[in-house]
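Let me begin by presenting the structure, written as structure tokens, before commenting on it.
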Amino acid sequence: MRHFRLSRIFTYVILTIWSLIALFPIWTLLVNSFKIQKDIFADPFGLPKYFTVAGYVAAWTQGRFDLYFYNTIYVTVISLALILFLGSLAAYAMAKWKSRLTSFLYVFFIAGMMIPIRLGTIDLVRMMKALNLLDTLWSLIPVYVAMGMPIATFVLTAFIQSLPDEMFDAARVDGASTWDIYILIVLPLLRPALATVAIFNMIKIWNDFWFPLVFIRAQQSRTIALGVSLLFGEYQTDWNKALSVLSLAAVPMLLLYILLSREFIKGLTAGAIKG
Amino acid sequence: MTQAAVNEQKKRSLSGYLNETLLSNESRRKMTWLLFLLPAFLVYVVFMAAPLFDSLRLSLFTGTGLTPTTFVGLQNYIDLFTNDLWRVRFFGAVLHTCIFFAIHMTVQNTLGLLFAALLASNFRGRNVYRTIIFAPATLSVLVVGFLWTLILNPTWGAVNIILTKVGLGSLALPWLGDENLALPIISLTSAWQWVGMPTVMFLAGLVGIPEELSEAARVDGASEWAIFWRVKFPLLIPVVGIVAVITFVDNFNAFDVIYAMAGARGSPNYSADLLATLFYRTGIAGEHPVGLPNMGMGAAIATMTFLILMIGVLLWLFLIRRQSSSEA
């Protein structure tokens with residue numbers, strides 16, 4: 001039994017050390033964002049002596065984080081709604097219409113999980129330019145929807161396949177159309193899988209920096225990630241402001257994660273772990 | 001009107017039309033299925049598949065700005081491999097991306113396996129540990145990169161303060177300013193952020209292994225160490241494969257962390273330049289002193305990245321197929 005206790009102590013020691021390493025930068029970020037410049041340098045790890053929110057106020061008003069938050073929420077919400085709607089429609093067809101076409105399409109969609117959409121960026125820039133969408137939020141949304149299709153069809157098709165065929169047959173016998181079944185049966189049952197897909201894509205879209213960097217310059221269309229990159233350069237010597245900007249970008253996701261950690265972990269690993 | 005709304009309306013009117021005609025039940029149902037598939041298919045093809053394949057075509061052209069119009073055949077690729085102007089940067093980027101990947105595989109995935117093995121047993125607080133280990137993965141890569149830049153900054157140097165306090169003052173270096181250190185340090189911060197992913201994946205794999213197997217080995221007198229490596233790890237090989245291939249695809253696509261910590265040029269002196277930053281400078285941002293993007297060359301770099309990814313993924317598929325057929 002002594003061996004057993006030793007291994008338990010080993011477990012706690014290792015995991016505690018790593019937890020400290022994992023939390024240390026986040027702690028440093030949050031605690032210093034409330035300090036004045038002098039204290040950030042004098043005492044980087046302690047609680048603030050003079051509590052200030054000046055950095056946050058500056059980021060929110062001068063830095064226009066109010067606008068960047070609005071833009072990011074707008075893009076994320078519309079993209080997610082479209083991903084879930086289009087993805088679940090296609091997944092339903094691929095799960096319940098057994099044909100050579102659907103098995104081909106399934107593979108075609110899934111292949112996108114291994115091939116990053118960024119490699120097609122040059123063509124996308126030309127396309128957005130031709131569509132006159134550069135510098136607008138609508139240059140981002142279609143790309144995010146396309147980017148979300150592989151994981152959505154992968155997770156949702158597997159989920160619908162696991163639903164018993166008898167249920168669908170019974171509904172058909174009662175005279176329900178394919179569309180009725182989608183609305184009345186598939187969507188309500190699909191909710192947990194939709195949540196997984198939503199969380200996966202929400203994190204990707206909310207945190208995406210690449211496409212805003214490439215598509216957007218105008219201030220009125222900037223997202224949080226783009227705003228952070230520009231303001232971080234601007235505030236480089238004012239550490240309180242720089243840390244406040246980073247906190248503003250990090251805190252919403254951290255709060256959601258604390259509330260929904262189980263769903264987040266399941267969502268982010270959705271591509272790797274089935275179901 | 002949104003794309004979805006347009007498709008939605010089309011679908012309604014079309015299915016109404018079909019209902020009135022004398023289509024058989026069977027083909028009417030097929031028609032509905034096709035309409036269900038169409039919107040997702042269109043968005044995916046237009047905004048993902050087609051741009052990817054059109055990049056292949058663009059890589060055969062040259063010209064600055066948004067319209068590479070002059071057909072040059074394979075000249076971009078020849079330049080990439082033989083012209084010193086490109087060759088040095090391209091092979092540098094390939095090498096750096098491989099180092100970046102190697103550090104993730106050894107540090108991030110080994111730590112992930114260790115944490116998963118520890119978390120797999122039942123003890124108080126394991127969910128708290130799991131939640132903490134995974135937390136950095138939910139943050140934006142860009143924010144994490146900037147944050148570590150501040151922490152590693154020699155003028156503030158939270159890390160250097162700690163090192164000095166524990167008596168390792170000689171190790172307090174300008175981490176990101178050193179050509180030999182920048183890339184490994186950036187790789188380690190990225191591994192710090194993502195270690196929760198392999199942890200959770202390995203954990204799911206370990207939890208799925210029936211307890212009877214370890215129990216039987218324990219009765220035979222095997223140590224916990226031996227049980228892990230001889231009984232559990234072989235069953236975990238498919239998960240190791242998935243973790244490896246996901247790490248591979250992510251790493252060969254990494255951009256944000258380099259942009260945040262080393263800039264678009266992978267400074268200092270291109271020592272942290274990855275394929276994605278080279279792609280960005282060449283094809284999108286435009287390189288100093290020209291300042292205009294060379295889209296044809298950018299597309300060639302994207303195509304090479306695509307090929308490297310394809311080879312890696314196909315190798316992985318080949319290995320799982322061989323493994324599953326040797327088991328059967």
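Letters A, B, ... mark the chains of the structure tokens in the order given; residue numbers begin at 1 per chain; ligand numbers begin at 1, in order shown.
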As a compact mmCIF listing (two decimals) with N, CA and C atoms, in the first residue's frame, please: the residues near Phe255 of chain B (cut-off 9 Å, only C-alpha atoms, same-chain neighbours under 3 positions excluded).
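Written out: out_34.txt:
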```
# COMPACT_ATOMS: atom_id res chain seq x y z
N TRP A 210 -6.02 35.42 -38.64
CA TRP A 210 -5.51 35.37 -40.01
C TRP A 210 -6.42 36.11 -41.00
N ASN B 251 0.74 22.55 -36.75
CA ASN B 251 2.06 23.16 -36.72
C ASN B 251 2.49 23.67 -38.10
N PHE B 252 2.15 22.90 -39.13
CA PHE B 252 2.55 23.33 -40.47
C PHE B 252 1.68 24.46 -40.98
N ILE B 258 3.89 33.11 -34.16
CA ILE B 258 5.12 33.70 -34.70
C ILE B 258 4.91 35.20 -34.93
N TYR B 259 3.78 35.53 -35.53
CA TYR B 259 3.46 36.93 -35.80
C TYR B 259 3.52 37.75 -34.50
N ALA B 260 2.97 37.17 -33.42
CA ALA B 260 2.92 37.90 -32.16
C ALA B 260 4.30 38.00 -31.51
N ALA B 264 6.16 39.34 -38.56
CA ALA B 264 5.89 38.63 -39.82
C ALA B 264 7.17 38.12 -40.46
N LEU B 274 8.45 30.68 -40.29
CA LEU B 274 7.82 29.40 -40.63
C LEU B 274 7.21 29.49 -42.03
N LEU B 275 6.73 28.35 -42.53
CA LEU B 275 6.12 28.35 -43.86
C LEU B 275 4.97 29.35 -43.95
N ALA B 276 4.18 29.45 -42.88
CA ALA B 276 3.02 30.34 -42.94
C ALA B 276 3.42 31.81 -42.96
N THR B 277 4.48 32.18 -42.24
CA THR B 277 4.91 33.58 -42.28
C THR B 277 5.54 33.91 -43.63
N TYR B 280 2.72 34.38 -45.96
CA TYR B 280 2.05 35.66 -45.71
C TYR B 280 2.85 36.82 -46.32
```
TODO: Show which residues sit within 12 Å of Asp123 of chain A, as number ranges by chain. Count only C-alpha atoms, and ignore same-chain residues fewer than 4 positions away.
DONE: A: 117-119, 127-130, 143, 214-215; B: 46-59, 66-68, 283-284, 295-296, 298-299, 302
Given the selection you just returned, output its residues as a file containing C-alpha atoms, formatted as a CSV table (one decimal), in the first residue's frame.
```
chain,number,residue,atom,x,y,z
A,117,ILE,CA,-8.4,26.7,-45.6
A,118,ARG,CA,-5.6,29.3,-45.2
A,119,LEU,CA,-3.7,27.7,-48.0
A,127,MET,CA,-12.5,36.7,-54.7
A,128,MET,CA,-13.4,39.1,-51.9
A,129,LYS,CA,-11.9,41.9,-53.9
A,130,ALA,CA,-14.0,41.0,-57.0
A,143,VAL,CA,-15.1,31.8,-45.2
A,214,VAL,CA,-5.7,39.7,-44.6
A,215,PHE,CA,-9.2,41.0,-45.5
B,46,VAL,CA,-16.9,28.0,-53.4
B,47,PHE,CA,-15.1,29.3,-50.4
B,48,MET,CA,-12.9,26.4,-49.5
B,49,ALA,CA,-12.3,23.6,-52.1
B,50,ALA,CA,-12.2,25.9,-55.2
B,51,PRO,CA,-9.7,28.4,-53.7
B,52,LEU,CA,-7.5,25.6,-52.6
B,53,PHE,CA,-7.3,24.1,-56.0
B,54,ASP,CA,-7.2,27.4,-57.8
B,55,SER,CA,-4.0,28.1,-55.8
B,56,LEU,CA,-2.4,25.3,-57.8
B,57,ARG,CA,-3.2,27.1,-61.0
B,58,LEU,CA,-2.1,30.5,-59.7
B,59,SER,CA,1.3,29.1,-58.8
B,66,LEU,CA,-3.9,41.1,-57.4
B,67,THR,CA,-3.6,39.8,-61.0
B,68,PRO,CA,-0.8,37.4,-61.7
B,283,GLY,CA,1.8,36.2,-51.3
B,284,ILE,CA,-0.3,38.6,-49.2
B,295,MET,CA,0.7,36.1,-55.6
B,296,GLY,CA,2.1,33.5,-58.0
B,298,GLY,CA,2.7,32.9,-52.7
B,299,ALA,CA,0.5,30.3,-54.3
B,302,ALA,CA,1.0,27.3,-50.4
```
Find the nearest atom pair between each residue of chain A and chain B for residues within 6 Å, count only C-alpha atoms, give distances in Å to one decimal, sort rows by chain and ascending number, and present the table as a tab-separated table.
```
residue	atom	partner	partner_atom	distance
A:Thr11	CA	B:Leu118	CA	5.7
A:Leu86	CA	B:Ala40	CA	5.1
A:Leu89	CA	B:Phe36	CA	5.2
A:Ala90	CA	B:Leu37	CA	4.4
A:Ala93	CA	B:Trp33	CA	5.5
A:Ile117	CA	B:Met48	CA	5.9
A:Leu119	CA	B:Ala302	CA	5.3
A:Gly120	CA	B:Leu52	CA	4.2
A:Asp123	CA	B:Pro51	CA	5.1
A:Val143	CA	B:Phe47	CA	5.7
A:Ala146	CA	B:Tyr44	CA	4.6
A:Asn207	CA	B:Ser140	CA	4.8
A:Leu246	CA	B:Val143	CA	5.8
A:Ala250	CA	B:Leu139	CA	5.9
```
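Comparing B:Val107, B:Ala222, B:Leu168, B:Ile237 by their smallest distance to Ser187 of chain B, the closest is B:Val107 (using only C-alpha atoms).
Pairwise distance (atom CA of Gln161 of chain A, atom CA of Ala95 of chain A) equals 5.1 Å.
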Helix (DSSP H, G or I) residues, from DSSP on the backbone, in segment 82-198 of chain B, as a compact mmCIF listing (two decimals) with N, CA and C atoms, in the first residue's frame:
```
# COMPACT_ATOMS: atom_id res chain seq x y z
N THR B 82 15.90 26.76 -56.51
CA THR B 82 17.27 26.98 -56.96
C THR B 82 17.74 28.43 -56.85
N ASP B 84 18.78 31.63 -55.22
CA ASP B 84 19.18 31.89 -53.83
C ASP B 84 18.26 32.86 -53.11
N LEU B 85 17.68 33.79 -53.87
CA LEU B 85 16.77 34.77 -53.29
C LEU B 85 15.62 34.08 -52.55
N TRP B 86 15.14 32.98 -53.12
CA TRP B 86 14.00 32.26 -52.55
C TRP B 86 14.43 31.03 -51.77
N ARG B 87 15.43 30.34 -52.31
CA ARG B 87 15.81 29.03 -51.78
C ARG B 87 16.13 29.12 -50.28
N VAL B 88 16.94 30.12 -49.91
CA VAL B 88 17.38 30.22 -48.52
C VAL B 88 16.18 30.37 -47.59
N ARG B 89 15.26 31.29 -47.97
CA ARG B 89 14.09 31.52 -47.12
C ARG B 89 13.19 30.28 -47.08
N PHE B 90 12.99 29.67 -48.25
CA PHE B 90 12.06 28.54 -48.32
C PHE B 90 12.58 27.36 -47.51
N PHE B 91 13.83 26.98 -47.73
CA PHE B 91 14.33 25.83 -46.97
C PHE B 91 14.49 26.17 -45.50
N GLY B 92 14.81 27.44 -45.22
CA GLY B 92 14.84 27.87 -43.83
C GLY B 92 13.48 27.68 -43.18
N ALA B 93 12.43 28.12 -43.88
CA ALA B 93 11.08 28.01 -43.33
C ALA B 93 10.70 26.54 -43.13
N VAL B 94 11.04 25.69 -44.09
CA VAL B 94 10.72 24.26 -43.95
C VAL B 94 11.43 23.69 -42.73
N LEU B 95 12.73 24.02 -42.61
CA LEU B 95 13.50 23.52 -41.47
C LEU B 95 12.91 24.01 -40.14
N HIS B 96 12.60 25.32 -40.07
CA HIS B 96 12.07 25.88 -38.82
C HIS B 96 10.72 25.26 -38.48
N THR B 97 9.90 25.03 -39.51
CA THR B 97 8.59 24.42 -39.25
C THR B 97 8.79 23.00 -38.72
N CYS B 98 9.78 22.28 -39.25
CA CYS B 98 10.05 20.93 -38.75
C CYS B 98 10.52 20.97 -37.29
N ILE B 99 11.37 21.96 -36.95
CA ILE B 99 11.82 22.08 -35.56
C ILE B 99 10.63 22.40 -34.65
N PHE B 100 9.82 23.34 -35.11
CA PHE B 100 8.61 23.73 -34.38
C PHE B 100 7.75 22.49 -34.10
N PHE B 101 7.57 21.66 -35.12
CA PHE B 101 6.78 20.43 -35.00
C PHE B 101 7.47 19.45 -34.05
N ALA B 102 8.78 19.29 -34.19
CA ALA B 102 9.50 18.32 -33.36
C ALA B 102 9.40 18.69 -31.88
N ILE B 103 9.47 20.00 -31.58
CA ILE B 103 9.37 20.41 -30.17
C ILE B 103 7.97 20.15 -29.64
N HIS B 104 6.95 20.38 -30.46
CA HIS B 104 5.59 20.07 -30.01
C HIS B 104 5.42 18.58 -29.76
N MET B 105 5.95 17.77 -30.67
CA MET B 105 5.80 16.32 -30.51
C MET B 105 6.49 15.85 -29.23
N THR B 106 7.72 16.31 -29.00
CA THR B 106 8.45 15.80 -27.85
C THR B 106 7.97 16.42 -26.54
N VAL B 107 7.77 17.73 -26.51
CA VAL B 107 7.41 18.36 -25.24
C VAL B 107 5.91 18.30 -24.99
N GLN B 108 5.14 18.88 -25.91
CA GLN B 108 3.70 18.97 -25.69
C GLN B 108 3.05 17.59 -25.59
N ASN B 109 3.36 16.70 -26.52
CA ASN B 109 2.65 15.43 -26.53
C ASN B 109 3.16 14.46 -25.48
N THR B 110 4.43 14.56 -25.11
CA THR B 110 4.93 13.71 -24.02
C THR B 110 4.32 14.16 -22.70
N LEU B 111 4.31 15.47 -22.47
CA LEU B 111 3.68 15.98 -21.25
C LEU B 111 2.19 15.60 -21.24
N GLY B 112 1.55 15.70 -22.39
CA GLY B 112 0.13 15.35 -22.48
C GLY B 112 -0.10 13.90 -22.08
N LEU B 113 0.79 13.03 -22.55
CA LEU B 113 0.67 11.60 -22.20
C LEU B 113 0.87 11.41 -20.70
N LEU B 114 1.86 12.11 -20.14
CA LEU B 114 2.12 12.01 -18.70
C LEU B 114 0.90 12.49 -17.90
N PHE B 115 0.37 13.67 -18.26
CA PHE B 115 -0.77 14.20 -17.51
C PHE B 115 -1.98 13.29 -17.64
N ALA B 116 -2.19 12.74 -18.84
CA ALA B 116 -3.33 11.84 -19.04
C ALA B 116 -3.18 10.60 -18.18
N ALA B 117 -1.96 10.05 -18.13
CA ALA B 117 -1.73 8.85 -17.32
C ALA B 117 -2.02 9.15 -15.85
N LEU B 118 -1.63 10.34 -15.39
CA LEU B 118 -1.87 10.71 -14.00
C LEU B 118 -3.36 10.97 -13.76
N LEU B 119 -4.01 11.61 -14.72
CA LEU B 119 -5.42 11.95 -14.53
C LEU B 119 -6.34 10.74 -14.68
N ARG B 126 -9.33 15.70 -9.64
CA ARG B 126 -8.80 15.46 -10.99
C ARG B 126 -9.48 16.34 -12.03
N ASN B 127 -10.77 16.62 -11.83
CA ASN B 127 -11.45 17.48 -12.80
C ASN B 127 -10.93 18.91 -12.76
N VAL B 128 -10.55 19.35 -11.55
CA VAL B 128 -10.00 20.70 -11.42
C VAL B 128 -8.69 20.77 -12.17
N TYR B 129 -7.83 19.77 -11.97
CA TYR B 129 -6.55 19.74 -12.68
C TYR B 129 -6.76 19.73 -14.19
N ARG B 130 -7.70 18.88 -14.63
CA ARG B 130 -7.95 18.78 -16.06
C ARG B 130 -8.40 20.14 -16.62
N THR B 131 -9.29 20.79 -15.88
CA THR B 131 -9.79 22.10 -16.33
C THR B 131 -8.66 23.12 -16.42
N ILE B 132 -7.77 23.11 -15.44
CA ILE B 132 -6.67 24.09 -15.44
C ILE B 132 -5.71 23.79 -16.59
N ILE B 133 -5.36 22.51 -16.77
CA ILE B 133 -4.40 22.16 -17.82
C ILE B 133 -4.92 22.56 -19.19
N PHE B 134 -6.23 22.45 -19.37
CA PHE B 134 -6.81 22.74 -20.69
C PHE B 134 -7.04 24.24 -20.91
N ALA B 135 -7.11 25.01 -19.82
CA ALA B 135 -7.54 26.41 -19.93
C ALA B 135 -6.81 27.23 -21.00
N PRO B 136 -5.47 27.18 -21.08
CA PRO B 136 -4.80 28.03 -22.08
C PRO B 136 -5.25 27.76 -23.51
N ALA B 137 -5.73 26.55 -23.79
CA ALA B 137 -6.13 26.21 -25.16
C ALA B 137 -7.35 27.00 -25.61
N THR B 138 -8.09 27.59 -24.68
CA THR B 138 -9.27 28.35 -25.08
C THR B 138 -8.91 29.81 -25.40
N VAL B 141 -4.49 32.50 -29.72
CA VAL B 141 -3.06 32.26 -29.90
C VAL B 141 -2.31 33.60 -29.91
N LEU B 142 -2.93 34.57 -30.54
CA LEU B 142 -2.32 35.89 -30.64
C LEU B 142 -2.12 36.51 -29.25
N VAL B 143 -3.16 36.44 -28.42
CA VAL B 143 -3.08 37.00 -27.08
C VAL B 143 -2.00 36.29 -26.27
N VAL B 144 -1.97 34.96 -26.37
CA VAL B 144 -0.96 34.19 -25.65
C VAL B 144 0.44 34.59 -26.12
N GLY B 145 0.60 34.76 -27.42
CA GLY B 145 1.90 35.16 -27.95
C GLY B 145 2.35 36.51 -27.42
N PHE B 146 1.45 37.50 -27.46
CA PHE B 146 1.78 38.83 -26.94
C PHE B 146 2.08 38.77 -25.44
N LEU B 147 1.26 37.99 -24.73
CA LEU B 147 1.44 37.88 -23.28
C LEU B 147 2.83 37.32 -22.95
N TRP B 148 3.22 36.27 -23.63
CA TRP B 148 4.55 35.70 -23.36
C TRP B 148 5.66 36.65 -23.79
N THR B 149 5.41 37.43 -24.83
CA THR B 149 6.41 38.42 -25.24
C THR B 149 6.68 39.38 -24.09
N LEU B 150 5.61 39.80 -23.40
CA LEU B 150 5.78 40.70 -22.26
C LEU B 150 6.49 39.98 -21.12
N ILE B 151 6.06 38.75 -20.85
CA ILE B 151 6.64 38.03 -19.71
C ILE B 151 8.12 37.75 -19.93
N LEU B 152 8.49 37.49 -21.19
CA LEU B 152 9.89 37.17 -21.50
C LEU B 152 10.72 38.42 -21.78
N ALA B 158 9.30 39.08 -16.22
CA ALA B 158 8.78 38.30 -15.11
C ALA B 158 9.55 36.98 -14.98
N VAL B 159 9.85 36.36 -16.12
CA VAL B 159 10.58 35.09 -16.08
C VAL B 159 12.00 35.31 -15.54
N ASN B 160 12.63 36.38 -15.99
CA ASN B 160 13.99 36.64 -15.54
C ASN B 160 14.04 36.99 -14.05
N ILE B 161 12.99 37.66 -13.55
CA ILE B 161 12.93 37.95 -12.11
C ILE B 161 12.91 36.65 -11.31
N ILE B 162 12.08 35.71 -11.78
CA ILE B 162 11.98 34.43 -11.07
C ILE B 162 13.32 33.69 -11.11
N LEU B 163 13.93 33.67 -12.29
CA LEU B 163 15.21 32.97 -12.43
C LEU B 163 16.26 33.57 -11.49
N THR B 164 16.29 34.90 -11.41
CA THR B 164 17.26 35.54 -10.54
C THR B 164 16.98 35.19 -9.08
N LYS B 165 15.69 35.18 -8.72
CA LYS B 165 15.31 34.88 -7.34
C LYS B 165 15.74 33.49 -6.91
N GLY B 169 20.33 33.43 -12.03
CA GLY B 169 20.44 34.73 -12.71
C GLY B 169 21.20 34.67 -14.01
N SER B 170 22.17 33.77 -14.10
CA SER B 170 22.95 33.67 -15.33
C SER B 170 22.10 33.18 -16.49
N LEU B 171 20.96 32.57 -16.19
CA LEU B 171 20.08 32.07 -17.25
C LEU B 171 19.09 33.14 -17.73
N TRP B 175 15.45 36.36 -24.22
CA TRP B 175 15.03 35.12 -24.85
C TRP B 175 14.66 35.26 -26.32
N LEU B 176 13.86 36.27 -26.62
CA LEU B 176 13.32 36.35 -27.98
C LEU B 176 14.24 37.12 -28.91
N GLY B 177 15.32 37.67 -28.36
CA GLY B 177 16.22 38.45 -29.20
C GLY B 177 17.38 37.62 -29.72
N ALA B 182 15.11 32.03 -30.05
CA ALA B 182 13.76 32.51 -30.34
C ALA B 182 12.83 31.38 -30.76
N LEU B 183 13.23 30.59 -31.74
CA LEU B 183 12.32 29.54 -32.23
C LEU B 183 12.01 28.49 -31.16
N PRO B 184 13.02 27.93 -30.47
CA PRO B 184 12.69 26.97 -29.41
C PRO B 184 11.78 27.57 -28.33
N ILE B 185 12.05 28.84 -27.94
CA ILE B 185 11.23 29.44 -26.88
C ILE B 185 9.79 29.64 -27.37
N ILE B 186 9.64 30.10 -28.59
CA ILE B 186 8.28 30.28 -29.13
C ILE B 186 7.57 28.92 -29.21
N SER B 187 8.29 27.90 -29.65
CA SER B 187 7.69 26.56 -29.72
C SER B 187 7.24 26.10 -28.34
N LEU B 188 8.05 26.39 -27.33
CA LEU B 188 7.69 25.95 -25.98
C LEU B 188 6.46 26.69 -25.46
N THR B 189 6.35 28.00 -25.75
CA THR B 189 5.16 28.70 -25.28
C THR B 189 3.93 28.17 -25.99
N SER B 190 4.08 27.82 -27.27
CA SER B 190 2.95 27.25 -27.99
C SER B 190 2.59 25.87 -27.41
N ALA B 191 3.61 25.09 -27.07
CA ALA B 191 3.36 23.79 -26.43
C ALA B 191 2.66 24.00 -25.09
N TRP B 192 3.09 25.04 -24.36
CA TRP B 192 2.43 25.37 -23.08
C TRP B 192 0.94 25.58 -23.30
N GLN B 193 0.61 26.33 -24.36
CA GLN B 193 -0.80 26.63 -24.60
C GLN B 193 -1.61 25.38 -24.95
N TRP B 194 -1.04 24.49 -25.79
CA TRP B 194 -1.84 23.42 -26.38
C TRP B 194 -1.71 22.07 -25.69
N GLY B 196 -3.07 20.83 -23.28
CA GLY B 196 -4.36 20.28 -22.87
C GLY B 196 -5.01 19.39 -23.91
N MET B 197 -4.72 19.66 -25.19
CA MET B 197 -5.33 18.86 -26.25
C MET B 197 -4.89 17.39 -26.20
N PRO B 198 -3.56 17.10 -26.29
CA PRO B 198 -3.17 15.70 -26.18
C PRO B 198 -3.56 15.10 -24.83
```
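For the set A:Ser79, A:Ser162, A:Thr52, A:Gln62, the residue with the smallest atom-to-atom gap to Gln37 of chain A is A:Thr52, counting only C-alpha atoms.
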TODO: Tell me, in Å to one decimal, how far atom CA of Leu236 of chain B is from atom CA of Met149 of chain A.
DONE: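 Computing it gives 28.7 Å between the two atoms.
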Open item on the list: Need to verify the contact set: Thr70 of chain B, 8 Å, only C-alpha atoms, exclusion of same-chain residues closer than 3 positions in sequence. Can you return it as a count of residues only?
Closed with: 3
